[in-house]
Amino acid sequence: MKVRILVSLKPSVLDPQGQTVRNALHTLGYKSVKDVRQGKVFEVELEEPERSEAEKIIPEIADKVLANPIIEKFTWEIIED
Amino acid sequence: MKFGVVVFPGSNCDYDTFHALQNVMGQETVFLWHKDHNLQNVDCVVLPGGFSYGDYLRSGAIARFSPIMSEVKKFAASGGLVLGICNGFQILLEAGLLPGAMLRNKNLKFLCQHVYIRIENAKTAFSNSGKKGQVLKIPIAHFDGNYYAEPELLAELEKNQQIVFRYCDEKGRVTEEANVNGSVHNIAGIVNREGNVLGMMPHPERASEKILGSEDGRVIFQSMINYLEKKSGSRKKKTTRPSRPAVSPLPPLIETF
């Protein structure tokens, strides 16, 4: 089973990388781009095909290791059974 | 007193830190390999600067799970002195031994330069040999030194006087311009509530000898020695200390692998 986890900075945290990307897009003419936030994608492959296994350990992995809960939030979804 | 410098894969300031403690400050110093569970009876643990685990995932995010960190946590919990320099500070934050987190520098540049920091609290184990308001010239070298704390935590740090160093100009003025990495409230170094764990982004070991451009880093090391000697003096009978060791070649670390 493959799980995709998206980690990004919490909205209250300054994201200069995202802002730099936004400014670059503006320079290229994409003036309608209002804001950009940069994050990380993790694709985790689990041995177990059970959804319950993913629901048990993915939030733990994300909270303990993949994200720093002080400054980052995460979402996850199963992309392949 | 005995100091231990932890070495993680990717640490690169371990030898400079060892040199500053053993040869400049005259203290018995040992290296502590990250995979060991033995702190070798040190009085103080130092987590040095560098790029542990290549800063993969986040700076210090993987080093915090190294085997020796369980020992460092127990040591800190029982009141042992712990100093985290740069990457060491990042590791202490990720390990939860200090509150808050590090973000990428505000201007997205790797900053490698001398800065001035002001002693905000001279009553700690790491600053007692200095004075409140004293300005120290110490170099920084980091990409992720932008200290962040949520408003409630920030208020608590201020109230409890846990902010030990702030970025300032050479006259000691805490200005926005002096805050090169964007840290909240110009924070350059903080201590935990109990006062025995300190993290700072500047490198005192790189400002311990005149030839390096500043000796101000010695204030931190001398403070720690003062604190430890006072602490041991009150509990143990004072034994004759060996005379300051001659400048010795650094031990090869390879043997411990």
# chains A, B, ... in the order shown; residues from 1 in each chain; ligands from 1
>>> interface_residues(of="chain B", to="chain A", cutoff="9 Å", atoms="only C-alpha atoms", output="short mmCIF file (atom, residue, chain, number, x, y, z; two decimals) with N, CA and C atoms, in the first residue's frame")
data_model
loop_
_atom_site.label_atom_id
_atom_site.label_comp_id
_atom_site.auth_asym_id
_atom_site.auth_seq_id
_atom_site.Cartn_x
_atom_site.Cartn_y
_atom_site.Cartn_z
N LEU B 57 15.92 16.01 5.87
CA LEU B 57 14.58 16.18 6.45
C LEU B 57 14.48 17.57 7.08
N ARG B 58 15.13 17.80 8.18
CA ARG B 58 15.26 19.14 8.80
C ARG B 58 16.55 19.06 9.63
N ALA B 61 16.82 16.88 12.77
CA ALA B 61 15.62 16.04 12.90
C ALA B 61 15.93 14.56 13.05
N ILE B 62 17.07 14.13 12.49
CA ILE B 62 17.41 12.71 12.58
C ILE B 62 18.39 12.46 13.72
N GLU B 94 14.75 19.93 18.21
CA GLU B 94 14.04 18.79 17.64
C GLU B 94 13.80 17.72 18.69
N GLY B 100 10.48 25.52 21.03
CA GLY B 100 10.55 26.33 19.82
C GLY B 100 11.08 25.53 18.65
N ALA B 101 11.35 26.22 17.54
CA ALA B 101 11.84 25.55 16.34
C ALA B 101 12.67 26.51 15.51
N MET B 102 13.42 25.94 14.56
CA MET B 102 14.25 26.76 13.67
C MET B 102 13.64 26.79 12.28
N LEU B 103 13.64 27.95 11.68
CA LEU B 103 13.19 28.09 10.30
C LEU B 103 14.38 28.49 9.45
N ARG B 104 14.17 28.42 8.12
CA ARG B 104 15.20 28.90 7.20
C ARG B 104 15.43 30.39 7.46
N ASN B 105 16.67 30.83 7.30
CA ASN B 105 16.97 32.26 7.43
C ASN B 105 16.03 33.07 6.57
N LYS B 106 15.58 34.18 7.14
CA LYS B 106 14.57 35.02 6.47
C LYS B 106 14.98 35.45 5.07
N ASN B 107 16.25 35.78 4.88
CA ASN B 107 16.68 36.26 3.57
C ASN B 107 17.18 35.14 2.67
N LEU B 108 16.96 33.89 3.10
CA LEU B 108 17.31 32.71 2.31
C LEU B 108 18.79 32.66 1.93
N TYR B 148 12.08 30.39 15.97
CA TYR B 148 10.65 30.67 15.99
C TYR B 148 10.01 30.10 17.25
N ALA B 149 9.16 30.90 17.86
CA ALA B 149 8.36 30.44 19.00
C ALA B 149 7.01 31.10 18.86
N GLU B 150 5.94 30.35 19.13
CA GLU B 150 4.60 30.91 19.06
C GLU B 150 4.47 32.02 20.11
#
>>> residues_around(residues="Leu46 of chain A", least_positions_apart="6", cutoff="9 Å", atoms="only C-alpha atoms", output="JSON, numbers by chain")
{"A": [1, 2, 3, 53, 54]}
>>> write_last_selection(atoms="C-alpha atoms", output="PDB file, in the first residue's frame")
ATOM      1  CA  MET A   1       0.000   0.000   0.000  1.00  0.00           C
ATOM      2  CA  LYS A   2       1.347   3.445  -0.901  1.00  0.00           C
ATOM      3  CA  VAL A   3       0.592   6.508   1.164  1.00  0.00           C
ATOM      4  CA  GLU A  53      -2.564  -0.241   9.582  1.00  0.00           C
ATOM      5  CA  ALA A  54      -2.018   2.973   7.655  1.00  0.00           C
TER       6      ALA A  54
END
>>> atom_distance(atom1="atom CA of Arg118 of chain B", atom2="atom CA of Ala188 of chain B")
8.9 Å
>>> atom_distance(atom1="atom CA of Ala62 of chain A", atom2="atom CA of Leu98 of chain B")
20.7 Å
>>> residues_around(residues="segment 64-74 of chain B", least_positions_apart="5", cutoff="12 Å", atoms="only C-alpha atoms", output="PyMOL selection string")
(chain A and resi 64-65) or (chain B and resi 4-9+31-47+52-53+55+58-59+79-84+87-98+196-197)
>>> atom_distance(atom1="atom CA of Asn23 of chain B", atom2="atom CA of Lys210 of chain B")
14.1 Å
>>> closest_residue(among="B:Ala63, B:Leu154, B:Met1, B:Leu228", to="Leu21 of chain B", atoms="only C-alpha atoms")
B:Met1
>>> select_by_dssp(residues="segment 5-244 of chain B", states="alpha helix (DSSP H)", output="number ranges by chain")
B: 14-19, 68-77, 87-94, 151-159, 218-235
>>> write_last_selection(atoms="C-alpha atoms", output="mmCIF file, in the first residue's frame")
data_model
loop_
_atom_site.group_PDB
_atom_site.id
_atom_site.type_symbol
_atom_site.label_atom_id
_atom_site.label_comp_id
_atom_site.auth_asym_id
_atom_site.auth_seq_id
_atom_site.Cartn_x
_atom_site.Cartn_y
_atom_site.Cartn_z
ATOM 1 C CA ASP B 14 33.560 18.753 17.015
ATOM 2 C CA TYR B 15 37.329 19.171 16.786
ATOM 3 C CA ASP B 16 37.185 22.977 17.130
ATOM 4 C CA THR B 17 34.951 22.585 20.179
ATOM 5 C CA PHE B 18 37.275 19.943 21.634
ATOM 6 C CA HIS B 19 40.257 22.231 21.050
ATOM 7 C CA ILE B 68 23.291 8.749 22.708
ATOM 8 C CA MET B 69 20.417 11.229 22.855
ATOM 9 C CA SER B 70 18.513 9.010 25.275
ATOM 10 C CA GLU B 71 21.481 9.360 27.622
ATOM 11 C CA VAL B 72 21.694 13.109 27.011
ATOM 12 C CA LYS B 73 17.982 13.456 27.820
ATOM 13 C CA LYS B 74 18.382 11.556 31.108
ATOM 14 C CA PHE B 75 21.478 13.596 31.909
ATOM 15 C CA ALA B 76 19.601 16.842 31.270
ATOM 16 C CA ALA B 77 16.563 15.660 33.240
ATOM 17 C CA ASN B 87 23.431 22.311 14.814
ATOM 18 C CA GLY B 88 23.574 21.303 18.471
ATOM 19 C CA PHE B 89 20.902 23.922 19.229
ATOM 20 C CA GLN B 90 18.825 22.568 16.329
ATOM 21 C CA ILE B 91 19.138 19.033 17.711
ATOM 22 C CA LEU B 92 18.072 20.163 21.205
ATOM 23 C CA LEU B 93 14.993 21.838 19.694
ATOM 24 C CA GLU B 94 14.037 18.786 17.638
ATOM 25 C CA PRO B 151 3.402 34.087 20.799
ATOM 26 C CA GLU B 152 2.454 32.305 24.053
ATOM 27 C CA LEU B 153 5.806 30.525 24.246
ATOM 28 C CA LEU B 154 7.639 33.732 23.378
ATOM 29 C CA ALA B 155 5.875 35.576 26.193
ATOM 30 C CA GLU B 156 6.812 32.776 28.579
ATOM 31 C CA LEU B 157 10.473 32.841 27.511
ATOM 32 C CA GLU B 158 10.595 36.597 28.079
ATOM 33 C CA LYS B 159 8.839 36.369 31.422
ATOM 34 C CA ARG B 218 35.376 32.257 26.292
ATOM 35 C CA VAL B 219 32.738 34.043 28.364
ATOM 36 C CA ILE B 220 30.384 31.127 27.709
ATOM 37 C CA PHE B 221 32.940 28.430 28.455
ATOM 38 C CA GLN B 222 34.280 30.194 31.538
ATOM 39 C CA SER B 223 30.741 30.592 32.867
ATOM 40 C CA MET B 224 30.164 26.868 32.509
ATOM 41 C CA ILE B 225 33.419 26.091 34.294
ATOM 42 C CA ASN B 226 32.518 28.530 37.080
ATOM 43 C CA TYR B 227 29.106 26.927 37.477
ATOM 44 C CA LEU B 228 30.446 23.361 37.484
ATOM 45 C CA GLU B 229 33.290 24.106 39.890
ATOM 46 C CA LYS B 230 30.935 25.845 42.259
ATOM 47 C CA LYS B 231 28.483 22.957 42.023
ATOM 48 C CA SER B 232 31.115 20.296 42.690
ATOM 49 C CA GLY B 233 32.859 22.339 45.370
ATOM 50 C CA SER B 234 29.747 22.422 47.491
ATOM 51 C CA ARG B 235 29.264 18.673 47.374
#
>>> select_by_dssp(residues="segment 4-60 of chain A", states="strand (DSSP E)", output="PyMOL selection string")
chain A and resi 4-9+39-45
>>> residues_around(residues="Ala24 of chain A", least_positions_apart="6", cutoff="12 Å", atoms="only C-alpha atoms", output="list in words")
Gln17, Gly18, Tyr30, Lys31, Val33, Asp35 and Val36 of chain A
>>> residues_around(residues="Gly39 of chain A", least_positions_apart="3", cutoff="8 Å", atoms="only C-alpha atoms", output="list in words")
Leu6, Val7, Ser8 and Leu9 of chain A
